[in-house]
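See below for the structure under consideration.
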Amino acid sequence: MTSDDSEKLQPPYADLGPDAVLDAVESVGPRCDGRLLQLNSFENRVFQLGLEDGASCIAKFYRPGRWSDEAILEEHAFSLDLAAREIPVVPPRVLHGATLHRHGKHRFALFDRQGGRTPELEQEAVLERIGRFLGRIHAVGAEAGYAHREPLEPRVFGVESRDFLLQGDWVPAELREAWSAVAELALQGVQQAWRDAGEFRMLRVHADCHAGNLLWTDDGPHFVDFDDSRCAPAVQDLWMLLGGDPQDMRAQLAALLRGYEMFREFDPRELRLVEALRTLRLLHYSAWIARRWHDPAFPAAFPWFGDARYWQDRILELREQVALMQEPPLLAA
């Protein structure tokens with residue numbers, strides 16, 4: 001994987017206008033009818049295109065410098081393997097024997113359009129059904145690892161994120177000492193949680209399994225957008241589906257695990273990692289915005305990023321995480 005830090009500081013999609021998108025898609029076969037809708041995505045550029053046969057497809061143009069070709073292809077292979085086992089994911093289309101294509105300087109893949117609605121996560125039956133499919137995904141994910149994607153662990157998501165923000169002077173000078181101190185305490189808490197969890201298994205997971213990446217139909221869930229997939233603890237794909245007060249989350253976790261353990265045993269020691277994983281996500285999120293600041297879409301979408309108020313809120317947020325990581329782990333009801 002090519003490091004985010006090595007990205008060329010220039011707008012990555014400046015030349016990806018509508019004509020370029022249509023030309024790229026038609027270069028691998030599908031004939032477009034001119035309908036084009038840009039979908040909500042900051043990391044990559046994603047478009048829904050109408051085809052001459054009346055159907056639609058999704059084209060994802062990968063951010064330059066983020067993943068190597070090998071890293072993209074191994075995620076594609078994982079998605080295709082899951083689909084071949086009748087697990088409801090949306091894999092890339094195989095066109096001319098390939099899933100990853102190039103047009104000019106851009107790399108892209110095509111996907112079938114999958115309809116659906118946001119799942120009703122407050123319903124235990126819905127969570128149990130999602131849990132069943134997550135158990136199946138993780139059973140496949142445990143069969144092999146990733147060779148070209150760094151794992152989701154404290155160094156990559158925590159230490160490197162903290163160091164990038166401090167070395168780049170992203171934190172306002174008057175808040176730098178306070179943010180640095182609480183970030184260090186948070187990272188110590190993350191490391192302690194990792195030690196407390198013991199020898200848990202790292203496996204290929206979705207890694208960004210929140211409600212926005214789940215589409216619900218009458219047939220059940222479809223898991224979309226494996227772009228962030230990494231090797232991580234299994235609980236990474238569970239904790240973002242929990243919400244509300246501790247009692248609510250315990251009931252939700254129990255429903256997920258009822259489905260999950262029909263297909264794969266869950267290691268309860270991983271529950272010690274929930275708040276640590278949340279902390280890593282918070283640190284990584286701020287660094288992600290900073291690393292993408294040369295993309296004009298980011299200053300437009302996150303104009304408050306440089307404000308002192310933003311970093312004051314992050315300090316309070318990390319203080320809360322330090323306290324939460326010292327509490328007993330969440331247990332299923």
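Ordering of the structure tokens sets the chain letters (A, B, ...); residue numbers start at 1 within each chain; ligands are numbered from 1 in the order shown.
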
Exercise for review: Could you give me, as number ranges by chain, the residues within 9 Å of region 9-20 of chain A, counting only C-alpha atoms and dropping anything in the same chain fewer than 5 positions from it?
Suggested key: A: 25, 36, 45, 63-64, 103, 106, 292-296

Keeping only all heavy atoms, take the residues you just selected and write them out as a CSV table (one decimal), in the first residue's frame.
chain,number,residue,atom,x,y,z
A,25,VAL,N,-16.0,4.5,-18.7
A,25,VAL,CA,-16.9,3.3,-18.6
A,25,VAL,C,-17.1,2.7,-19.9
A,25,VAL,O,-17.0,1.4,-20.0
A,25,VAL,CB,-18.3,3.8,-18.0
A,25,VAL,CG1,-19.3,2.7,-18.1
A,25,VAL,CG2,-18.1,4.3,-16.6
A,36,LEU,N,-26.0,10.6,-15.7
A,36,LEU,CA,-24.9,10.5,-14.8
A,36,LEU,C,-25.2,11.2,-13.5
A,36,LEU,O,-25.6,12.4,-13.5
A,36,LEU,CB,-23.6,11.0,-15.4
A,36,LEU,CG,-22.3,10.9,-14.7
A,36,LEU,CD1,-21.1,10.8,-15.6
A,36,LEU,CD2,-22.1,12.1,-13.7
A,45,ARG,N,-14.4,8.8,-6.0
A,45,ARG,CA,-15.5,9.4,-6.7
A,45,ARG,C,-16.3,8.3,-7.3
A,45,ARG,O,-15.8,7.4,-8.0
A,45,ARG,CB,-14.9,10.3,-7.8
A,45,ARG,CG,-14.2,11.6,-7.3
A,45,ARG,CD,-15.1,12.5,-6.5
A,45,ARG,NE,-14.4,13.7,-6.1
A,45,ARG,CZ,-13.8,13.9,-4.9
A,45,ARG,NH1,-13.7,12.8,-4.1
A,45,ARG,NH2,-13.2,15.0,-4.6
A,63,ARG,N,-9.2,6.8,-5.4
A,63,ARG,CA,-8.3,8.0,-5.0
A,63,ARG,C,-6.9,7.6,-5.4
A,63,ARG,O,-6.3,6.6,-4.9
A,63,ARG,CB,-8.4,8.3,-3.6
A,63,ARG,CG,-7.5,9.5,-3.1
A,63,ARG,CD,-7.8,9.9,-1.7
A,63,ARG,NE,-9.1,10.6,-1.7
A,63,ARG,CZ,-9.3,11.9,-1.9
A,63,ARG,NH1,-8.3,12.6,-2.2
A,63,ARG,NH2,-10.5,12.4,-1.8
A,64,PRO,N,-6.2,8.5,-6.2
A,64,PRO,CA,-4.8,8.2,-6.5
A,64,PRO,C,-3.9,8.2,-5.2
A,64,PRO,O,-4.1,9.0,-4.3
A,64,PRO,CB,-4.4,9.4,-7.4
A,64,PRO,CG,-5.7,9.9,-7.9
A,64,PRO,CD,-6.7,9.6,-6.9
A,103,HIS,N,-8.1,4.3,-17.1
A,103,HIS,CA,-8.4,5.2,-18.2
A,103,HIS,C,-7.7,6.5,-17.9
A,103,HIS,O,-8.0,7.1,-16.9
A,103,HIS,CB,-9.9,5.4,-18.3
A,103,HIS,CG,-10.3,6.2,-19.5
A,103,HIS,ND1,-10.3,5.7,-20.8
A,103,HIS,CD2,-10.6,7.5,-19.7
A,103,HIS,CE1,-10.7,6.6,-21.7
A,103,HIS,NE2,-10.9,7.7,-21.0
A,106,HIS,N,-6.5,7.4,-14.2
A,106,HIS,CA,-7.5,7.0,-13.2
A,106,HIS,C,-7.7,5.5,-13.3
A,106,HIS,O,-7.8,4.9,-14.3
A,106,HIS,CB,-8.8,7.7,-13.4
A,106,HIS,CG,-8.7,9.2,-13.1
A,106,HIS,ND1,-8.6,9.7,-11.9
A,106,HIS,CD2,-8.8,10.3,-14.0
A,106,HIS,CE1,-8.6,11.0,-11.9
A,106,HIS,NE2,-8.7,11.4,-13.2
A,292,ARG,N,-6.4,14.9,3.4
A,292,ARG,CA,-7.1,15.1,2.1
A,292,ARG,C,-7.4,16.6,1.8
A,292,ARG,O,-8.1,16.9,0.9
A,292,ARG,CB,-8.5,14.4,2.2
A,292,ARG,CG,-8.4,12.9,2.5
A,292,ARG,CD,-7.8,12.1,1.3
A,292,ARG,NE,-7.8,10.7,1.5
A,292,ARG,CZ,-6.8,9.9,1.8
A,292,ARG,NH1,-5.6,10.5,2.0
A,292,ARG,NH2,-6.9,8.6,2.0
A,293,TRP,N,-6.7,17.5,2.6
A,293,TRP,CA,-7.1,18.9,2.6
A,293,TRP,C,-6.8,19.5,1.2
A,293,TRP,O,-7.4,20.5,0.8
A,293,TRP,CB,-6.4,19.6,3.7
A,293,TRP,CG,-7.0,20.9,4.0
A,293,TRP,CD1,-6.5,22.2,3.9
A,293,TRP,CD2,-8.3,21.1,4.7
A,293,TRP,NE1,-7.4,23.1,4.3
A,293,TRP,CE2,-8.5,22.5,4.8
A,293,TRP,CE3,-9.3,20.2,5.1
A,293,TRP,CZ2,-9.7,23.0,5.4
A,293,TRP,CZ3,-10.5,20.7,5.6
A,293,TRP,CH2,-10.6,22.0,5.8
A,294,HIS,N,-5.8,18.9,0.4
A,294,HIS,CA,-5.5,19.4,-0.9
A,294,HIS,C,-6.6,19.1,-1.9
A,294,HIS,O,-6.6,19.6,-3.0
A,294,HIS,CB,-4.2,18.9,-1.4
A,294,HIS,CG,-4.2,17.4,-1.5
A,294,HIS,ND1,-4.1,16.5,-0.4
A,294,HIS,CD2,-4.2,16.6,-2.6
A,294,HIS,CE1,-4.1,15.3,-0.9
A,294,HIS,NE2,-4.2,15.3,-2.2
A,295,ASP,N,-7.5,18.2,-1.6
A,295,ASP,CA,-8.7,17.9,-2.4
A,295,ASP,C,-9.7,19.0,-2.2
A,295,ASP,O,-10.2,19.1,-1.0
A,295,ASP,CB,-9.2,16.5,-2.1
A,295,ASP,CG,-10.4,16.1,-2.9
A,295,ASP,OD1,-11.0,17.0,-3.5
A,295,ASP,OD2,-10.7,14.9,-2.9
A,296,PRO,N,-10.1,19.8,-3.2
A,296,PRO,CA,-11.0,20.9,-2.9
A,296,PRO,C,-12.3,20.5,-2.3
A,296,PRO,O,-13.0,21.3,-1.6
A,296,PRO,CB,-11.3,21.5,-4.3
A,296,PRO,CG,-10.1,21.1,-5.1
A,296,PRO,CD,-9.6,19.7,-4.6

**Study point:** strand (DSSP E or B) call set, DSSP backbone run, region 69-141 of chain A, as a list of chain:residue names
**Key:**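 Those residues are A:Val89, A:Pro92, A:Leu95, A:Ala98, A:His101, A:Arg102, A:His103, A:His106, A:Arg107, A:Phe108, A:Ala109, A:Leu110, A:Phe111, A:Asp112, A:Arg117.
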
Selection from above, all heavy atoms, as a CSV table (one decimal), in the first residue's frame, can you write it?
chain,number,residue,atom,x,y,z
A,89,VAL,N,-23.2,-9.5,-0.8
A,89,VAL,CA,-22.4,-8.3,-1.0
A,89,VAL,C,-22.5,-7.9,-2.5
A,89,VAL,O,-23.1,-8.6,-3.3
A,89,VAL,CB,-20.9,-8.7,-0.7
A,89,VAL,CG1,-20.8,-9.2,0.7
A,89,VAL,CG2,-20.3,-9.7,-1.7
A,92,PRO,N,-17.3,-6.2,-7.5
A,92,PRO,CA,-17.1,-5.5,-8.8
A,92,PRO,C,-17.4,-6.5,-10.0
A,92,PRO,O,-17.3,-7.7,-9.9
A,92,PRO,CB,-15.6,-5.3,-8.8
A,92,PRO,CG,-15.0,-6.3,-7.9
A,92,PRO,CD,-16.0,-6.5,-6.8
A,95,LEU,N,-15.0,-7.7,-16.2
A,95,LEU,CA,-15.1,-7.3,-17.6
A,95,LEU,C,-13.8,-7.6,-18.3
A,95,LEU,O,-12.7,-7.1,-17.8
A,95,LEU,CB,-15.5,-5.8,-17.7
A,95,LEU,CG,-16.8,-5.4,-17.1
A,95,LEU,CD1,-17.0,-3.9,-17.0
A,95,LEU,CD2,-18.0,-6.0,-18.0
A,98,ALA,N,-11.1,-8.8,-16.0
A,98,ALA,CA,-10.5,-8.0,-15.0
A,98,ALA,C,-11.6,-7.2,-14.2
A,98,ALA,O,-12.7,-7.0,-14.7
A,98,ALA,CB,-9.5,-7.0,-15.6
A,101,HIS,N,-9.8,-1.4,-13.7
A,101,HIS,CA,-9.5,-0.9,-15.1
A,101,HIS,C,-8.8,0.5,-15.0
A,101,HIS,O,-8.9,1.1,-13.9
A,101,HIS,CB,-10.8,-0.8,-15.9
A,101,HIS,CG,-11.6,-2.0,-15.8
A,101,HIS,ND1,-11.4,-3.1,-16.6
A,101,HIS,CD2,-12.7,-2.3,-15.0
A,101,HIS,CE1,-12.3,-4.1,-16.3
A,101,HIS,NE2,-13.1,-3.6,-15.4
A,102,ARG,N,-8.2,0.9,-16.0
A,102,ARG,CA,-7.5,2.2,-16.1
A,102,ARG,C,-7.9,3.0,-17.3
A,102,ARG,O,-8.0,2.4,-18.4
A,102,ARG,CB,-6.0,1.9,-16.1
A,102,ARG,CG,-5.1,3.2,-15.8
A,102,ARG,CD,-3.7,2.8,-15.7
A,102,ARG,NE,-3.3,2.0,-14.6
A,102,ARG,CZ,-3.0,2.5,-13.4
A,102,ARG,NH1,-3.0,3.8,-13.2
A,102,ARG,NH2,-2.7,1.7,-12.4
A,103,HIS,N,-8.1,4.3,-17.1
A,103,HIS,CA,-8.4,5.2,-18.2
A,103,HIS,C,-7.7,6.5,-17.9
A,103,HIS,O,-8.0,7.1,-16.9
A,103,HIS,CB,-9.9,5.4,-18.3
A,103,HIS,CG,-10.3,6.2,-19.5
A,103,HIS,ND1,-10.3,5.7,-20.8
A,103,HIS,CD2,-10.6,7.5,-19.7
A,103,HIS,CE1,-10.7,6.6,-21.7
A,103,HIS,NE2,-10.9,7.7,-21.0
A,106,HIS,N,-6.5,7.4,-14.2
A,106,HIS,CA,-7.5,7.0,-13.2
A,106,HIS,C,-7.7,5.5,-13.3
A,106,HIS,O,-7.8,4.9,-14.3
A,106,HIS,CB,-8.8,7.7,-13.4
A,106,HIS,CG,-8.7,9.2,-13.1
A,106,HIS,ND1,-8.6,9.7,-11.9
A,106,HIS,CD2,-8.8,10.3,-14.0
A,106,HIS,CE1,-8.6,11.0,-11.9
A,106,HIS,NE2,-8.7,11.4,-13.2
A,107,ARG,N,-7.9,4.9,-12.1
A,107,ARG,CA,-8.2,3.5,-11.9
A,107,ARG,C,-9.7,3.4,-11.5
A,107,ARG,O,-10.1,4.2,-10.6
A,107,ARG,CB,-7.3,2.8,-10.9
A,107,ARG,CG,-5.9,2.8,-11.2
A,107,ARG,CD,-5.0,2.3,-10.1
A,107,ARG,NE,-5.2,3.2,-8.9
A,107,ARG,CZ,-4.8,2.9,-7.7
A,107,ARG,NH1,-4.2,1.7,-7.4
A,107,ARG,NH2,-4.9,3.8,-6.7
A,108,PHE,N,-10.4,2.5,-12.0
A,108,PHE,CA,-11.8,2.4,-11.7
A,108,PHE,C,-12.3,1.0,-11.7
A,108,PHE,O,-11.7,0.1,-12.3
A,108,PHE,CB,-12.7,3.3,-12.6
A,108,PHE,CG,-12.7,2.9,-14.0
A,108,PHE,CD1,-13.8,2.2,-14.5
A,108,PHE,CD2,-11.7,3.2,-14.9
A,108,PHE,CE1,-13.9,1.8,-15.8
A,108,PHE,CE2,-11.8,2.8,-16.2
A,108,PHE,CZ,-12.9,2.1,-16.7
A,109,ALA,N,-13.5,0.8,-11.1
A,109,ALA,CA,-14.2,-0.5,-11.2
A,109,ALA,C,-15.7,-0.2,-11.4
A,109,ALA,O,-16.2,0.8,-11.0
A,109,ALA,CB,-13.9,-1.3,-9.9
A,110,LEU,N,-16.4,-1.2,-11.9
A,110,LEU,CA,-17.8,-1.1,-12.1
A,110,LEU,C,-18.6,-2.1,-11.2
A,110,LEU,O,-18.1,-3.2,-11.0
A,110,LEU,CB,-18.2,-1.3,-13.6
A,110,LEU,CG,-17.6,-0.3,-14.6
A,110,LEU,CD1,-18.2,-0.6,-16.0
A,110,LEU,CD2,-17.9,1.1,-14.3
A,111,PHE,N,-19.7,-1.7,-10.7
A,111,PHE,CA,-20.5,-2.5,-9.8
A,111,PHE,C,-22.0,-2.4,-10.3
A,111,PHE,O,-22.4,-1.4,-10.9
A,111,PHE,CB,-20.4,-2.0,-8.4
A,111,PHE,CG,-19.0,-1.9,-7.8
A,111,PHE,CD1,-18.2,-0.9,-8.1
A,111,PHE,CD2,-18.6,-2.9,-7.0
A,111,PHE,CE1,-16.9,-0.8,-7.6
A,111,PHE,CE2,-17.3,-2.9,-6.4
A,111,PHE,CZ,-16.5,-1.9,-6.8
A,112,ASP,N,-22.7,-3.5,-10.0
A,112,ASP,CA,-24.1,-3.4,-10.2
A,112,ASP,C,-24.8,-2.5,-9.3
A,112,ASP,O,-24.3,-2.3,-8.1
A,112,ASP,CB,-24.8,-4.8,-10.0
A,112,ASP,CG,-24.4,-5.8,-11.1
A,112,ASP,OD1,-24.0,-5.3,-12.2
A,112,ASP,OD2,-24.4,-7.0,-10.9
A,117,ARG,N,-32.9,0.2,1.4
A,117,ARG,CA,-33.2,1.2,2.4
A,117,ARG,C,-32.3,1.0,3.6
A,117,ARG,O,-31.7,-0.1,3.8
A,117,ARG,CB,-34.7,1.3,2.8
A,117,ARG,CG,-35.2,0.0,3.4
A,117,ARG,CD,-36.7,0.0,3.6
A,117,ARG,NE,-37.2,-1.2,4.2
A,117,ARG,CZ,-37.5,-2.4,3.6
A,117,ARG,NH1,-37.3,-2.4,2.3
A,117,ARG,NH2,-37.9,-3.4,4.3

Review point. Excluding same-chain residues fewer than 6 positions from region 189-198 of chain A, what lies within 9 Å of it counting only C-alpha atoms, as a list in words?
Key: Glu153, Pro154, Gly158, Pro268, Arg269, Glu270, Leu271, Arg272, Leu273, Val274, Glu275, Ala276, Leu277, Thr279, Leu280, Gln321, Val322, Met325 and Gln326 of chain A

Point to revise | Shortest interatomic distance to Gly244 (chain A) - which of A:Leu282, A:Ser27, A:Glu122, A:Gly50, counting only C-alpha atoms | key: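 Smallest distance to Gly244 (chain A) is found for A:Glu122.
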
Revision key, fill the gap. Computed gap from CA of Ala255 (chain A) to CA of Ala125 (chain A) is 7.3 Å

Could you produce a table of the residues of region 94-162 of chain A lying within 6 Å of region 215-234 of chain A, with the nearest pair of atoms per residue and their separation in Å rounded to one decimal, using only C-alpha atoms, ordered by chain and increasing residue number, as JSON lines?
{"residue": "A:Gly116", "atom": "CA", "partner": "A:Leu215", "partner_atom": "CA", "distance": 4.7}
{"residue": "A:Arg117", "atom": "CA", "partner": "A:Trp216", "partner_atom": "CA", "distance": 5.0}
{"residue": "A:Thr118", "atom": "CA", "partner": "A:Leu215", "partner_atom": "CA", "distance": 5.6}
{"residue": "A:Pro119", "atom": "CA", "partner": "A:Trp216", "partner_atom": "CA", "distance": 5.2}
{"residue": "A:Pro151", "atom": "CA", "partner": "A:Cys231", "partner_atom": "CA", "distance": 4.9}
{"residue": "A:Leu152", "atom": "CA", "partner": "A:Ala232", "partner_atom": "CA", "distance": 5.2}

Filtering to N, CA, C and O atoms, could you give me those residues as a short mmCIF file (atom, residue, chain, number, x, y, z; two decimals), in the first residue's frame?
data_model
loop_
_atom_site.label_atom_id
_atom_site.label_comp_id
_atom_site.auth_asym_id
_atom_site.auth_seq_id
_atom_site.Cartn_x
_atom_site.Cartn_y
_atom_site.Cartn_z
N GLY A 116 -32.15 -0.42 -2.08
CA GLY A 116 -32.40 -0.79 -0.70
C GLY A 116 -32.59 0.43 0.17
O GLY A 116 -32.44 1.57 -0.27
N ARG A 117 -32.92 0.17 1.41
CA ARG A 117 -33.17 1.24 2.38
C ARG A 117 -32.31 1.01 3.61
O ARG A 117 -31.72 -0.06 3.79
N THR A 118 -32.23 2.00 4.47
CA THR A 118 -31.47 1.87 5.70
C THR A 118 -32.12 0.83 6.60
O THR A 118 -33.34 0.86 6.80
N PRO A 119 -31.36 -0.11 7.13
CA PRO A 119 -31.96 -1.13 8.00
C PRO A 119 -32.46 -0.53 9.30
O PRO A 119 -31.92 0.44 9.82
N PRO A 151 -3.08 -3.56 8.67
CA PRO A 151 -4.19 -3.93 9.55
C PRO A 151 -4.72 -2.74 10.33
O PRO A 151 -4.05 -1.72 10.48
N LEU A 152 -5.91 -2.90 10.84
CA LEU A 152 -6.51 -1.90 11.71
C LEU A 152 -6.00 -2.17 13.12
O LEU A 152 -6.47 -3.07 13.81
#

Check your understanding: So which bits of region 86-181 of chain A end up helix (DSSP H, G or I) when you DSSP the backbone, as a ChimeraX atom specification?
Key -> /A:124-141,154-167,173-181

Point to revise | Counting only C-alpha atoms, the residue of A:Gln188, A:Ser286, A:Asn213, A:Ser56 that sits nearest Met240 (chain A) | key: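 For Met240 (chain A), the nearest of the candidates is A:Asn213.
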
Review point. How far is it from CA of Ala59 (chain A) to CA of Lys105 (chain A), in Å with one decimal?
Key: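 CA of Ala59 (chain A) sits 15.4 Å away from CA of Lys105 (chain A).
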
Revision key, fill the gap. In Å and to one decimal, CA of Asn44 (chain A) is distant from CA of Leu73 (chain A) by 15.8 Å
